[in-house]
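Below: structure.tsv (TSV, C-alpha atoms)
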```
chain	number	residue	atom	x	y	z
A	1	MET	CA	-120.39	-36.10	-71.82
A	2	ILE	CA	-116.59	-35.88	-72.01
A	3	GLY	CA	-116.28	-36.21	-68.24
A	4	ARG	CA	-118.58	-39.23	-68.24
A	5	ALA	CA	-116.62	-40.80	-71.09
A	6	MET	CA	-113.38	-40.32	-69.16
A	7	THR	CA	-114.88	-41.64	-65.91
A	8	ARG	CA	-116.13	-44.91	-67.42
A	9	PRO	CA	-112.65	-46.37	-68.21
A	10	ILE	CA	-111.44	-45.36	-64.75
A	11	MET	CA	-114.38	-47.12	-63.11
A	12	CYS	CA	-113.73	-50.18	-65.24
A	13	LEU	CA	-110.10	-50.23	-64.09
A	14	VAL	CA	-111.14	-49.85	-60.45
A	15	GLU	CA	-113.67	-52.66	-60.81
A	16	LEU	CA	-111.05	-54.86	-62.49
A	17	GLU	CA	-108.60	-54.10	-59.69
A	18	SER	CA	-111.19	-55.03	-57.03
A	19	ARG	CA	-112.03	-58.28	-58.82
A	20	LEU	CA	-108.35	-59.23	-59.01
A	21	LYS	CA	-107.96	-58.43	-55.32
A	22	ARG	CA	-110.97	-60.60	-54.48
A	23	ARG	CA	-109.54	-63.47	-56.51
A	24	TRP	CA	-106.24	-63.26	-54.65
A	25	GLN	CA	-108.12	-63.19	-51.34
A	26	ILE	CA	-110.08	-66.28	-52.37
A	27	LEU	CA	-106.92	-68.06	-53.50
A	28	LEU	CA	-105.25	-67.20	-50.20
A	29	GLY	CA	-108.23	-68.60	-48.29
A	30	VAL	CA	-108.19	-71.82	-50.31
A	31	LEU	CA	-104.45	-72.18	-49.76
A	32	VAL	CA	-104.83	-71.72	-45.99
A	33	SER	CA	-107.63	-74.32	-45.94
A	34	LEU	CA	-105.54	-76.81	-47.91
A	35	ILE	CA	-102.58	-76.38	-45.56
A	36	PHE	CA	-104.69	-76.95	-42.44
A	37	LEU	CA	-106.53	-79.85	-44.09
A	38	TRP	CA	-103.25	-81.53	-45.04
A	39	LEU	CA	-101.89	-81.11	-41.53
A	40	THR	CA	-105.04	-82.74	-40.17
A	41	VAL	CA	-105.56	-85.66	-42.59
A	42	ARG	CA	-101.99	-86.84	-43.05
A	43	LYS	CA	-101.37	-90.31	-41.63
A	44	LEU	CA	-105.10	-90.95	-41.25
A	45	GLU	CA	-106.42	-94.47	-41.73
A	46	LEU	CA	-109.39	-93.61	-43.96
A	47	GLY	CA	-110.88	-97.07	-43.60
A	48	GLN	CA	-110.93	-96.65	-39.84
A	49	VAL	CA	-112.43	-93.16	-40.17
A	50	TRP	CA	-115.21	-94.63	-42.33
A	51	GLN	CA	-115.84	-97.32	-39.74
A	52	TYR	CA	-116.34	-94.70	-37.05
A	53	LEU	CA	-118.63	-92.70	-39.34
A	54	ARG	CA	-120.64	-95.80	-40.26
A	55	THR	CA	-121.26	-96.88	-36.66
A	56	ALA	CA	-121.99	-93.46	-35.15
A	57	ASN	CA	-125.38	-92.87	-33.51
A	58	TYR	CA	-126.56	-89.84	-35.49
A	59	TRP	CA	-129.71	-89.35	-33.37
A	60	TRP	CA	-127.52	-87.29	-31.03
A	61	ILE	CA	-127.24	-84.64	-33.73
A	62	ILE	CA	-130.93	-83.69	-33.32
A	63	PRO	CA	-130.66	-82.29	-29.76
A	64	GLY	CA	-127.33	-80.78	-30.76
A	65	VAL	CA	-128.97	-78.83	-33.61
A	66	ILE	CA	-131.78	-77.68	-31.29
A	67	VAL	CA	-129.25	-76.33	-28.79
A	68	TYR	CA	-127.30	-74.69	-31.60
A	69	PHE	CA	-130.35	-72.77	-32.80
A	70	GLY	CA	-130.79	-71.62	-29.22
A	71	ALA	CA	-127.33	-70.09	-29.61
A	72	VAL	CA	-128.38	-68.50	-32.91
A	73	TRP	CA	-131.39	-66.97	-31.18
A	74	ALA	CA	-129.08	-65.64	-28.44
A	75	ARG	CA	-126.91	-64.10	-31.18
A	76	THR	CA	-129.99	-62.44	-32.57
A	77	TRP	CA	-130.82	-60.95	-29.15
A	78	ARG	CA	-127.24	-59.70	-28.76
A	79	TRP	CA	-127.36	-57.96	-32.14
A	80	HIS	CA	-130.76	-56.47	-31.23
A	81	TYR	CA	-129.16	-55.11	-28.05
A	82	LEU	CA	-126.19	-53.61	-29.92
A	83	LEU	CA	-128.46	-52.00	-32.52
A	84	ARG	CA	-130.73	-50.29	-29.97
A	85	PRO	CA	-128.81	-46.97	-29.95
A	86	ILE	CA	-129.25	-46.84	-33.73
A	87	LYS	CA	-132.70	-48.35	-34.21
A	88	ALA	CA	-134.92	-50.74	-32.26
A	89	ILE	CA	-135.58	-53.82	-34.41
A	90	SER	CA	-137.63	-56.79	-33.22
A	91	LEU	CA	-136.06	-60.21	-32.78
A	92	GLY	CA	-138.50	-61.64	-35.30
A	93	ASN	CA	-137.19	-59.26	-37.96
A	94	LEU	CA	-133.54	-59.81	-37.05
A	95	PHE	CA	-133.50	-63.61	-36.86
A	96	PRO	CA	-133.88	-64.16	-40.66
A	97	VAL	CA	-131.12	-61.59	-41.28
A	98	VAL	CA	-128.77	-63.44	-38.91
A	99	CYS	CA	-129.52	-66.74	-40.69
A	100	ILE	CA	-128.86	-65.15	-44.09
A	101	GLY	CA	-125.54	-63.92	-42.71
A	102	TYR	CA	-124.64	-67.47	-41.66
A	103	PHE	CA	-125.55	-68.64	-45.15
A	104	GLY	CA	-123.22	-66.04	-46.66
A	105	ASN	CA	-120.37	-67.01	-44.33
A	106	ASN	CA	-120.82	-70.67	-45.25
A	107	VAL	CA	-120.93	-70.29	-49.03
A	108	TYR	CA	-118.58	-67.33	-49.54
A	109	PRO	CA	-114.98	-66.99	-48.34
A	110	LEU	CA	-113.66	-64.33	-45.97
A	111	ARG	CA	-116.81	-64.10	-43.84
A	112	ALA	CA	-118.73	-62.20	-46.50
A	113	GLY	CA	-121.94	-63.05	-44.65
A	114	GLU	CA	-121.18	-60.31	-42.12
A	115	VAL	CA	-121.38	-57.70	-44.86
A	116	ILE	CA	-124.37	-59.43	-46.45
A	117	ARG	CA	-126.46	-59.18	-43.31
A	118	ALA	CA	-125.55	-55.50	-43.03
A	119	PHE	CA	-126.86	-55.06	-46.58
A	120	VAL	CA	-130.07	-56.94	-45.80
A	121	LEU	CA	-130.60	-54.92	-42.63
A	122	ARG	CA	-130.25	-51.69	-44.60
A	123	ARG	CA	-132.70	-52.93	-47.21
A	124	ASN	CA	-135.29	-54.13	-44.70
A	125	ASN	CA	-134.91	-51.64	-41.85
A	126	GLY	CA	-133.01	-48.64	-43.20
A	127	VAL	CA	-129.97	-49.04	-40.92
A	128	PRO	CA	-126.82	-47.72	-42.66
A	129	VAL	CA	-124.41	-50.48	-43.64
A	130	SER	CA	-121.45	-48.86	-41.90
A	131	ALA	CA	-123.34	-48.47	-38.60
A	132	SER	CA	-124.50	-52.09	-38.57
A	133	LEU	CA	-121.01	-53.22	-39.58
A	134	ALA	CA	-119.68	-51.49	-36.46
A	135	THR	CA	-122.03	-53.55	-34.28
A	136	ILE	CA	-121.02	-56.72	-36.15
A	137	ILE	CA	-117.33	-55.99	-35.58
A	138	VAL	CA	-118.04	-55.43	-31.88
A	139	GLU	CA	-119.73	-58.85	-31.88
A	140	ARG	CA	-116.64	-60.44	-33.41
A	141	VAL	CA	-114.35	-58.78	-30.86
A	142	PHE	CA	-116.46	-60.07	-27.94
A	143	ASP	CA	-116.60	-63.51	-29.56
A	144	GLY	CA	-112.82	-63.53	-29.81
A	145	LEU	CA	-112.43	-62.47	-26.18
A	146	VAL	CA	-114.78	-65.24	-25.03
A	147	MET	CA	-112.89	-67.81	-27.10
A	148	LEU	CA	-109.68	-66.69	-25.42
A	149	LEU	CA	-111.41	-66.89	-22.05
A	150	PHE	CA	-112.41	-70.48	-22.84
A	151	VAL	CA	-108.84	-71.36	-23.76
A	152	PHE	CA	-107.27	-69.73	-20.69
A	153	PHE	CA	-109.94	-71.22	-18.42
A	154	ALA	CA	-109.42	-74.73	-19.80
A	155	LEU	CA	-105.62	-74.81	-19.89
A	156	PRO	CA	-105.07	-75.25	-16.11
A	157	PHE	CA	-107.42	-78.26	-16.19
A	158	VAL	CA	-106.11	-80.02	-19.29
A	159	GLY	CA	-102.49	-78.80	-19.22
A	160	SER	CA	-100.84	-76.40	-21.66
A	161	GLU	CA	-98.64	-79.26	-22.92
A	162	HIS	CA	-101.74	-80.59	-24.70
A	163	ILE	CA	-101.76	-77.55	-27.00
A	164	PRO	CA	-99.31	-77.69	-29.93
A	165	PRO	CA	-96.82	-74.78	-29.89
A	166	VAL	CA	-98.29	-73.17	-33.03
A	167	TYR	CA	-101.70	-72.92	-31.36
A	168	ARG	CA	-100.19	-71.51	-28.16
A	169	GLN	CA	-98.50	-68.80	-30.22
A	170	ALA	CA	-101.77	-68.11	-32.04
A	171	VAL	CA	-103.56	-67.71	-28.70
A	172	ILE	CA	-101.00	-65.13	-27.58
A	173	PHE	CA	-101.38	-63.23	-30.88
A	174	PHE	CA	-105.19	-63.21	-30.74
A	175	SER	CA	-105.09	-62.13	-27.09
A	176	PHE	CA	-103.25	-58.95	-28.03
A	177	PHE	CA	-105.33	-58.45	-31.18
A	178	PHE	CA	-108.78	-58.67	-29.60
A	179	LEU	CA	-107.81	-56.76	-26.47
A	180	ILE	CA	-106.32	-53.89	-28.49
A	181	ALA	CA	-109.34	-53.87	-30.81
A	182	LEU	CA	-111.73	-53.62	-27.86
A	183	LEU	CA	-109.71	-50.81	-26.27
A	184	VAL	CA	-109.57	-48.85	-29.54
A	185	PHE	CA	-113.31	-49.20	-30.16
A	186	ALA	CA	-114.12	-48.22	-26.57
A	187	TRP	CA	-111.88	-45.14	-26.91
A	188	MET	CA	-113.60	-44.20	-30.18
A	189	ALA	CA	-117.00	-44.51	-28.50
A	190	PHE	CA	-116.06	-42.56	-25.35
A	191	ASP	CA	-113.88	-39.86	-26.93
A	192	ARG	CA	-115.48	-39.31	-30.29
A	193	ARG	CA	-113.95	-35.83	-30.73
A	194	ARG	CA	-110.32	-36.96	-30.39
A	195	ALA	CA	-110.99	-40.11	-32.41
A	196	THR	CA	-112.33	-37.93	-35.23
A	197	VAL	CA	-109.26	-35.70	-35.03
A	198	VAL	CA	-107.00	-38.76	-35.41
A	199	TYR	CA	-109.13	-40.10	-38.25
A	200	SER	CA	-109.02	-36.75	-40.09
A	201	PHE	CA	-105.24	-36.53	-39.63
A	202	LEU	CA	-104.72	-39.99	-41.16
A	203	ALA	CA	-107.33	-39.55	-43.89
A	204	ASP	CA	-105.87	-36.20	-45.00
A	205	ARG	CA	-102.52	-37.84	-45.58
A	206	PHE	CA	-103.30	-41.31	-46.87
A	207	VAL	CA	-106.76	-41.34	-48.48
A	208	PRO	CA	-107.09	-40.24	-52.15
A	209	ALA	CA	-109.43	-37.27	-52.61
A	210	ARG	CA	-111.96	-39.23	-54.67
A	211	PHE	CA	-112.50	-41.67	-51.79
A	212	ARG	CA	-112.63	-39.08	-49.01
A	213	ALA	CA	-116.33	-38.13	-49.04
A	214	PRO	CA	-117.70	-41.71	-48.94
A	215	LEU	CA	-115.07	-42.72	-46.38
A	216	ASP	CA	-115.97	-39.76	-44.14
A	217	ASP	CA	-119.61	-40.79	-44.31
A	218	PHE	CA	-118.68	-44.39	-43.55
A	219	TYR	CA	-116.56	-43.33	-40.56
A	220	HIS	CA	-119.27	-41.20	-38.94
A	221	ARG	CA	-121.92	-43.89	-39.37
A	222	PHE	CA	-119.46	-46.53	-38.14
A	223	ILE	CA	-118.72	-44.62	-34.95
A	224	ASP	CA	-122.47	-44.28	-34.40
A	225	GLY	CA	-122.58	-48.07	-34.32
A	226	LEU	CA	-120.08	-48.16	-31.43
A	227	GLN	CA	-122.30	-46.23	-29.03
A	228	SER	CA	-123.38	-49.40	-27.22
A	229	LEU	CA	-119.87	-49.49	-25.71
A	230	ARG	CA	-120.36	-46.16	-23.92
A	231	ARG	CA	-122.31	-47.75	-21.06
A	232	GLY	CA	-120.66	-50.37	-18.89
A	233	ARG	CA	-123.97	-52.16	-18.36
A	234	ASP	CA	-124.46	-52.55	-22.10
A	235	ALA	CA	-120.93	-53.85	-22.61
A	236	LEU	CA	-121.41	-56.31	-19.73
A	237	MET	CA	-124.69	-57.56	-21.22
A	238	VAL	CA	-123.00	-58.15	-24.58
A	239	PHE	CA	-120.15	-60.01	-22.87
A	240	VAL	CA	-122.49	-62.22	-20.80
A	241	THR	CA	-124.60	-62.99	-23.87
A	242	SER	CA	-121.44	-63.93	-25.77
A	243	VAL	CA	-120.47	-66.37	-23.01
A	244	VAL	CA	-123.96	-67.92	-23.15
A	245	ILE	CA	-123.75	-68.24	-26.95
A	246	TRP	CA	-120.46	-70.11	-26.88
A	247	LEU	CA	-121.41	-72.27	-23.91
A	248	LEU	CA	-124.49	-73.38	-25.86
A	249	GLU	CA	-122.30	-74.19	-28.86
A	250	THR	CA	-120.01	-76.21	-26.60
A	251	VAL	CA	-123.08	-78.13	-25.41
A	252	LYS	CA	-123.63	-79.07	-29.05
A	253	TYR	CA	-120.03	-80.33	-29.21
A	254	TRP	CA	-120.78	-82.43	-26.10
A	255	LEU	CA	-124.02	-83.87	-27.51
A	256	VAL	CA	-122.50	-84.83	-30.87
A	257	MET	CA	-119.59	-86.42	-28.98
A	258	HIS	CA	-122.04	-89.00	-27.62
A	259	ALA	CA	-122.71	-90.18	-31.17
A	260	PHE	CA	-119.12	-91.46	-31.27
A	261	ARG	CA	-118.93	-92.97	-27.79
A	262	PHE	CA	-115.76	-91.34	-26.55
A	263	ALA	CA	-115.39	-89.19	-23.48
A	264	VAL	CA	-113.75	-85.80	-23.20
A	265	GLY	CA	-114.72	-83.50	-20.35
A	266	PHE	CA	-116.83	-80.42	-21.04
A	267	ILE	CA	-113.83	-78.22	-20.22
A	268	GLY	CA	-111.79	-80.07	-22.85
A	269	LEU	CA	-114.53	-79.34	-25.39
A	270	MET	CA	-114.45	-75.67	-24.34
A	271	LEU	CA	-110.76	-75.72	-25.20
A	272	MET	CA	-111.50	-77.32	-28.56
A	273	ASN	CA	-114.24	-74.77	-29.24
A	274	GLY	CA	-111.93	-71.89	-28.39
A	275	VAL	CA	-109.04	-73.09	-30.55
A	276	VAL	CA	-111.32	-73.98	-33.48
A	277	ASN	CA	-113.12	-70.65	-33.57
A	278	LEU	CA	-109.96	-68.63	-33.17
A	279	THR	CA	-108.48	-70.56	-36.10
A	280	THR	CA	-111.56	-69.97	-38.26
A	281	THR	CA	-110.93	-66.23	-38.04
A	282	LEU	CA	-108.08	-66.82	-40.51
A	283	PRO	CA	-108.80	-66.50	-44.25
A	284	SER	CA	-110.11	-69.84	-45.52
A	285	ALA	CA	-112.26	-71.51	-48.12
A	286	PRO	CA	-116.06	-71.19	-47.77
A	287	GLY	CA	-117.50	-72.97	-44.76
A	288	TYR	CA	-114.15	-72.86	-42.89
A	289	VAL	CA	-113.02	-76.11	-44.52
A	290	GLY	CA	-109.66	-77.11	-43.08
A	291	THR	CA	-109.47	-74.45	-40.38
A	292	PHE	CA	-112.38	-76.02	-38.48
A	293	GLU	CA	-110.79	-79.47	-38.68
A	294	VAL	CA	-107.95	-78.36	-36.36
A	295	GLY	CA	-110.39	-79.46	-33.67
A	296	ALA	CA	-109.32	-83.02	-34.41
A	297	SER	CA	-105.74	-82.09	-33.45
A	298	VAL	CA	-106.94	-80.68	-30.12
A	299	LEU	CA	-108.91	-83.86	-29.38
A	300	GLN	CA	-105.93	-85.99	-30.31
A	301	ALA	CA	-103.80	-83.96	-27.87
A	302	LEU	CA	-106.46	-84.72	-25.23
A	303	GLY	CA	-106.05	-88.45	-25.80
A	304	VAL	CA	-108.67	-89.26	-28.45
A	305	GLN	CA	-107.54	-91.65	-31.19
A	306	LYS	CA	-106.72	-89.64	-34.33
A	307	ASP	CA	-109.12	-91.37	-36.75
A	308	LEU	CA	-111.97	-91.14	-34.23
A	309	ALA	CA	-111.22	-87.46	-33.54
A	310	PHE	CA	-111.26	-86.65	-37.25
A	311	GLY	CA	-114.51	-88.53	-37.89
A	312	TYR	CA	-116.19	-86.71	-35.01
A	313	THR	CA	-114.90	-83.32	-36.17
A	314	VAL	CA	-116.18	-83.88	-39.71
A	315	VAL	CA	-119.66	-84.80	-38.46
A	316	LEU	CA	-119.66	-81.88	-36.00
A	317	HIS	CA	-118.66	-79.53	-38.81
A	318	ALA	CA	-121.47	-80.84	-41.02
A	319	ALA	CA	-123.99	-80.56	-38.17
A	320	LEU	CA	-122.97	-76.94	-37.67
A	321	TRP	CA	-122.92	-76.15	-41.41
A	322	PHE	CA	-125.93	-77.77	-43.07
A	323	PRO	CA	-128.91	-76.79	-40.86
A	324	ILE	CA	-128.13	-73.07	-40.57
A	325	THR	CA	-127.10	-72.89	-44.24
A	326	ALA	CA	-130.40	-74.47	-45.29
A	327	ILE	CA	-132.42	-72.11	-43.08
A	328	GLY	CA	-130.42	-69.13	-44.36
A	329	ALA	CA	-130.98	-70.19	-47.97
A	330	TRP	CA	-134.73	-70.46	-47.32
A	331	TYR	CA	-134.85	-66.99	-45.76
A	332	MET	CA	-132.83	-65.68	-48.69
A	333	TRP	CA	-135.40	-67.10	-51.09
A	334	ARG	CA	-138.29	-65.72	-49.01
A	335	GLU	CA	-136.70	-62.27	-48.94
A	336	GLY	CA	-136.31	-62.31	-52.72
A	337	LEU	CA	-132.53	-61.91	-52.53
A	338	LYS	CA	-130.44	-62.70	-55.62
A	339	TRP	CA	-126.88	-63.88	-55.99
A	340	ARG	CA	-125.92	-60.46	-57.34
A	341	ASP	CA	-126.77	-59.04	-53.90
A	342	PHE	CA	-124.13	-61.34	-52.44
A	343	ASP	CA	-121.70	-60.25	-55.14
A	344	ALA	CA	-122.29	-56.63	-54.15
A	345	ALA	CA	-121.41	-57.47	-50.57
A	346	GLN	CA	-118.27	-59.22	-51.78
A	347	ALA	CA	-117.35	-56.05	-53.67
A	348	VAL	CA	-117.57	-54.06	-50.44
A	349	LYS	CA	-115.03	-56.41	-48.83
A	350	ALA	CA	-112.70	-55.75	-51.75
A	351	GLY	CA	-112.19	-52.19	-50.55
A	352	PRO	CA	-112.99	-48.58	-51.47
A	353	GLY	CA	-113.79	-47.64	-55.01
A	354	THR	CA	-115.84	-50.69	-55.92
A	355	ASN	CA	-119.06	-50.26	-57.79
A	356	VAL	CA	-121.64	-50.80	-55.07
A	357	ALA	CA	-124.75	-49.12	-53.75
A	358	PRO	CA	-124.36	-46.13	-51.43
A	359	ASP	CA	-124.52	-46.49	-47.66
A	360	ALA	CA	-127.85	-44.83	-47.03
```
Kindly return the structure encoded in the file as structure tokens.
Amino acid sequence: MIGRAMTRPIMCLVELESRLKRRWQILLGVLVSLIFLWLTVRKLELGQVWQYLRTANYWWIIPGVIVYFGAVWARTWRWHYLLRPIKAISLGNLFPVVCIGYFGNNVYPLRAGEVIRAFVLRRNNGVPVSASLATIIVERVFDGLVMLLFVFFALPFVGSEHIPPVYRQAVIFFSFFFLIALLVFAWMAFDRRRATVVYSFLADRFVPARFRAPLDDFYHRFIDGLQSLRRGRDALMVFVTSVVIWLLETVKYWLVMHAFRFAVGFIGLMLMNGVVNLTTTLPSAPGYVGTFEVGASVLQALGVQKDLAFGYTVVLHAALWFPITAIGAWYMWREGLKWRDFDAAQAVKAGPGTNVAPDA
């Protein structure tokens, strides 16, 4: 009884600390969104933007949404492929989980949907959260590499002078980041023994004793989730699927562009797609508000009038956000998920020591 009485205040303090950390993360995301939004909307002629929005042919959004859900289905297949070494799960069972993850990303900051879908997968299929998180992180690394490939492929055609210096510097940073991440994960998958030795060395020195047991369990399950990288054929399949996913999303950019009657080549839209999605990896408000709108700056650099570029980007953002969020919300309701389940996933992102369900 005494031990329990002493533990309760400590747990309350840990929970308070995690909540404060989450609030600061949310505030940081909102601040980043406001900065990017201000950089995008300054000197806009709002009346002209409204005119472009009012006269757009929104029928083009319908085929764009259809193509986009083709990309979502391809994402589902890719995740199915990455999960095979852990557990074979049908595409029909995974698709609702992917949509719920999109919903979480679009209504919570800091990409909480990635953790949410790991929670739902554990609940529905018994896959440990840490193992599925490893596959999700591998997805994000391949997505980042493909976005960089799009940027580097497009630059010789459109000219690097069309990219503002801050974005060129960001591309260089992300190139190092995603390449190093892929190399580290591949090393962990291929040389599990040495990776575990390094992990134990660091954990012994920097991880408090009370966090060690759950962190050890998380680590071993996480490294299980990296096993898809051990075979070159599997890694190649994930890469090719990632290229298909983002090409399909660029097709949606191209279709929605026709609603506004301006012309940018497909390669220019690949550049826009790459820059936008690299920027949305930064902390931001829910739904990537502000960070997504940098696409208008890329279009402006490619010769599109600023008000027209902004109007198009806003509609494109809405066409990407609303359909998948609505489908994800419906699947959430069908699965019987509650908002507190999303809060639990948010607590996981706050770091070790939060009061969440175990990873098993």
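Closest approach to Leu236 of chain A among A:Arg122, A:Arg140, A:Arg117, A:Arg78 is made by A:Arg78 (distances from all atoms listed in the file).
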message: I want to know what sits within 10 Å of Leu133 of chain A, based on all atoms listed in the file, with residues of the same chain fewer than 5 positions away left out; could you give that as a list in words?
response: Glu114, Val115, Ile116, Arg117, Ala118, Phe119, Val127, Pro128, Val138, Glu139, Phe218, Arg221, Phe222, Gly225 and Leu226 of chain A
- request: Write out as a PyMOL selection string the residues lying within 6 Å of segment 254-256 of chain A, counting all atoms listed in the file and excluding same-chain residues fewer than 5 positions away.
  value: chain A and resi 60-61+64
Proximity of segment 250-279 of chain A to segment 312-319 of chain A: per-residue shortest pair, 10 Å limit, all atoms listed in the file, as CSV:
```
residue,atom,partner,partner_atom,distance
A:Lys252,CA,A:Leu316,CA,8.5
A:Tyr253,CA,A:Leu316,CA,7.0
A:Trp254,CA,A:Leu316,CA,10.0
A:Leu255,CA,A:Leu316,CA,9.7
A:Val256,CA,A:Leu316,CA,6.6
A:Met257,CA,A:Tyr312,CA,6.9
A:His258,CA,A:Tyr312,CA,9.7
A:Ala259,CA,A:Tyr312,CA,8.3
A:Phe260,CA,A:Tyr312,CA,6.7
A:Arg261,CA,A:Tyr312,CA,9.9
A:Phe262,CA,A:Tyr312,CA,9.7
```
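Going from atom CA of Val264 of chain A over to atom CA of Phe310 of chain A, you cover 14.3 Å.
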task: Determine the nearest neighbour of Thr40 of chain A from the options A:Gly295, A:Leu308, A:Lys338, A:Arg192, counting all atoms listed in the file.
output: A:Gly295
All file atoms of segment 213-219 of chain A boxed axis-aligned, 3 Å per side, centre plus edges, as JSON:
```
{"center_x": -117.3, "center_y": -41.3, "center_z": -44.8, "size_x": 10.5, "size_y": 12.3, "size_z": 14.5}
```
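Closest approach to Arg123 of chain A among A:Gly328, A:Pro156, A:Gly336, A:Gly311 is made by A:Gly336 (distances from only C-alpha atoms).
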- prompt: Counting all atoms listed in the file, which of A:Leu91, A:Val49, A:Ala263, A:Ala181 gets nearest to Gly303 of chain A?
  reply: A:Ala263
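Taking atom CA of Arg230 of chain A and atom CA of Val171 of chain A as endpoints, the distance between them is 27.7 Å.
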message: Can you tell me which residues surround Val107 of chain A at a distance of at most 7 Å, considering only C-alpha atoms, apart from same-chain residues fewer than 2 positions away, and format the answer as an MDAnalysis selection string?
response: chainID A and resid 103:105 109 286:287
- request: Find the distance between atom CA of Asp216 of chain A and atom CA of Asn125 of chain A and write it in Å to one decimal.
  value: 22.5 Å
With only C-alpha atoms as the counted atoms, please give the residues lying no more than 10 Å from Leu149 of chain A, apart from itself and same-chain residues fewer than 2 positions off, as a short mmCIF file (atom, residue, chain, number, x, y, z; two decimals) with C-alpha atoms, in the coordinates of the input.
```cif
data_model
loop_
_atom_site.label_atom_id
_atom_site.label_comp_id
_atom_site.auth_asym_id
_atom_site.auth_seq_id
_atom_site.Cartn_x
_atom_site.Cartn_y
_atom_site.Cartn_z
CA ASP A 143 -116.60 -63.51 -29.56
CA GLY A 144 -112.82 -63.53 -29.81
CA LEU A 145 -112.43 -62.47 -26.18
CA VAL A 146 -114.78 -65.24 -25.03
CA MET A 147 -112.89 -67.81 -27.10
CA VAL A 151 -108.84 -71.36 -23.76
CA PHE A 152 -107.27 -69.73 -20.69
CA PHE A 153 -109.94 -71.22 -18.42
CA ALA A 154 -109.42 -74.73 -19.80
CA SER A 175 -105.09 -62.13 -27.09
CA VAL A 243 -120.47 -66.37 -23.01
CA MET A 270 -114.45 -75.67 -24.34
CA LEU A 271 -110.76 -75.72 -25.20
CA GLY A 274 -111.93 -71.89 -28.39
#
```
